[in-house]
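Have a look at the structure below, then the notes.
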Amino acid sequence: MAEMWITMGPQHPMTHGLWTLRVKVDGETVVDTEPELGYIHRGVEKICEARDFTQITPYCDRLCYVSAMTWAHSYIYSAENLLEVEVPERAEYIRLIATEIQRVTSHLMWLGAYSPDIGNLTIFTWCLRDREMFIDLMQELGGSRLHYNFPRVGGVKRDLPVGFAQRCRAKIALFLGRLKEYEMLLDESTVFLVRTQGVGLASAEAMVNAGVTGPNLRAAGVNYDVRWAHPYSVYDELDWMPSVEKPSSVKGADCYDRYRVRMEEMVIACEMVLEALEKIPGGADSHYSPGDAMIQSKAPLRAPAGSSGFHHYEDCRGESMFYLQGGGEGRGKHPYRVSIRSPMFITIPFVAKTMIGYKIADIPAIMGSFDPCIGETDR
């Protein structure tokens, strides 16, 4: 049978965003792929060079609408490294609570979007139902439901609201019970297992060589988590271990392994939030004024020419990085250079090649299992 090229995207549901996957097929078998990105490139890095260090934060929120809080914090830590700012310990605990709640909402959005790709519509409604509970908590912190603009250079915008800890504990307890229902619905589904097990195999060696990080790498048995390998914030003060899956095959991790590692990661994130609420200095039920030194320290407004700041961060999809160079406009009030490392910009071209040898019907299962986000990819 003659080979031919077909196009999946940019409107195809499998893409989970605006990008195109060109697929070369021989009958139903994939023999080659070409990913085409750049449909929603916004030039965020260049825009940030015309903004001061505080004004940049909302742009980072919009790098990934599913995980705005983690991207904003990824930038904030780089800015604090550049400006040499010390952050109050209470603010660090609040940051950890916010980002781990965001990790749960991000994984719920992934699972809700992924399941219909492989034939399960029920999970979509369940995930959005439970995601709303955690979005409500995020709204209490930042004031918005998707783009929070919550972290500040030197701390956070506001303290934990009155009663936040009690509501957070109750919602986590409810969610952890429901998570067992998720597993019953998926792990006991023949359709789900057939679509995910033995499909989309990716070896640890190949992913390390390509620069793939995050849950996708840990699904292949590699114990690398930035929060664990290079601790920042107060992660080293909590009792936790990264979620690492033993791959199902000697050839690497399959779609099912990537599903399992994220399910476990949601449990770990919830446990970290509960522990942080217990250990936070001053207590989780205390309340300070927005200007209190417990939640924010004063930060310099300028970074001199020749200075630089860098931080790598465990985003929901892998290792994100920001590089900032000082000495920009306004006598250093703006960064001279901003460079962003998106984990998905690395992962998507790698995933496209893992599809070779599988069937067309396997493409949505494979691509969705890697949790693509095109906003952060194109920037």
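The chains in the structure tokens are called A, B, ... from first to last as shown; in each chain the residues are counted from 1, and the ligands are counted from 1 in the order shown.
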Checklist entry - Which residues in segment 19-207 of chain A does DSSP call alpha helix (DSSP H)? List them as a PyMOL selection string. => result chain A and resi 44-48+57-61+68-83+89-117+122-142+164-187+190-196+204-207
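The space between atom CA of Thr105 of chain A and atom CA of Tyr148 of chain A spans 13.7 Å.
For the pair atom CA of Ala303 of chain A and atom CA of Arg337 of chain A, the separation is 11.6 Å.
In this comparison, which uses only C-alpha atoms, the residue of A:Ile40, A:Ile268, A:Ala220, A:Val30 approaching Ala253 of chain A most closely is A:Ala220.
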Shell around segment 373-375 of chain A at 8 Å using only C-alpha atoms, local window under 2 positions removed, as a short mmCIF file (atom, residue, chain, number, x, y, z; two decimals) with C-alpha atoms, in the first residue's frame:
data_model
loop_
_atom_site.label_atom_id
_atom_site.label_comp_id
_atom_site.auth_asym_id
_atom_site.auth_seq_id
_atom_site.Cartn_x
_atom_site.Cartn_y
_atom_site.Cartn_z
CA HIS A 16 -5.27 19.82 23.25
CA GLY A 17 -4.32 23.20 21.79
CA LEU A 18 -3.37 24.84 18.53
CA TRP A 19 -0.65 22.87 16.80
CA ILE A 40 -0.13 30.93 19.14
CA HIS A 41 3.36 32.34 19.66
CA ARG A 62 -0.80 33.14 30.94
CA LEU A 63 1.96 30.82 29.80
CA CYS A 64 -0.32 27.94 30.81
CA TYR A 65 -3.87 28.66 31.90
CA MET A 344 6.57 20.83 26.64
CA ASP A 371 -0.11 16.11 29.02
CA THR A 377 5.22 25.56 24.34
CA ASP A 378 4.76 28.50 21.97
CA ARG A 379 5.12 31.26 24.60
#
Item to check | One-decimal distance in Å that lies between atom CA of Leu174 of chain A and atom CA of Glu92 of chain A | outcome: 26.0 Å
Checklist entry - Could you pull the residues within 7 Å of segment 122-139 of chain A, counting only C-alpha atoms, minus those fewer than 5 positions along the same chain, as a PyMOL selection string? => result chain A and resi 98+101+105+108-109+112-113+115-116+144-145+171+175
Next on the checklist: With DSSP run on the backbone, what are the strand (DSSP E) residues within segment 87-229 of chain A? I'd like them as a ChimeraX atom specification.
Outcome noted: /A:151-152,155-156
Quick one: residues within 10 Å of His230 of chain A, only C-alpha atoms counted, chain neighbours fewer than 4 positions away excluded, as a PDB file with C-alpha atoms, in the first residue's frame?
ATOM      1  CA  TYR A 224      14.261  13.044  39.183  1.00  0.00           C
ATOM      2  CA  ASP A 225      12.089  15.780  40.643  1.00  0.00           C
ATOM      3  CA  VAL A 226      13.484  19.313  40.948  1.00  0.00           C
ATOM      4  CA  TYR A 235      10.091  21.362  50.204  1.00  0.00           C
ATOM      5  CA  ASP A 236      13.035  19.999  52.191  1.00  0.00           C
ATOM      6  CA  HIS A 312      14.691  25.754  37.631  1.00  0.00           C
ATOM      7  CA  TYR A 313      11.301  24.722  38.905  1.00  0.00           C
ATOM      8  CA  GLU A 314       9.172  21.575  38.986  1.00  0.00           C
TER       9      GLU A 314
END
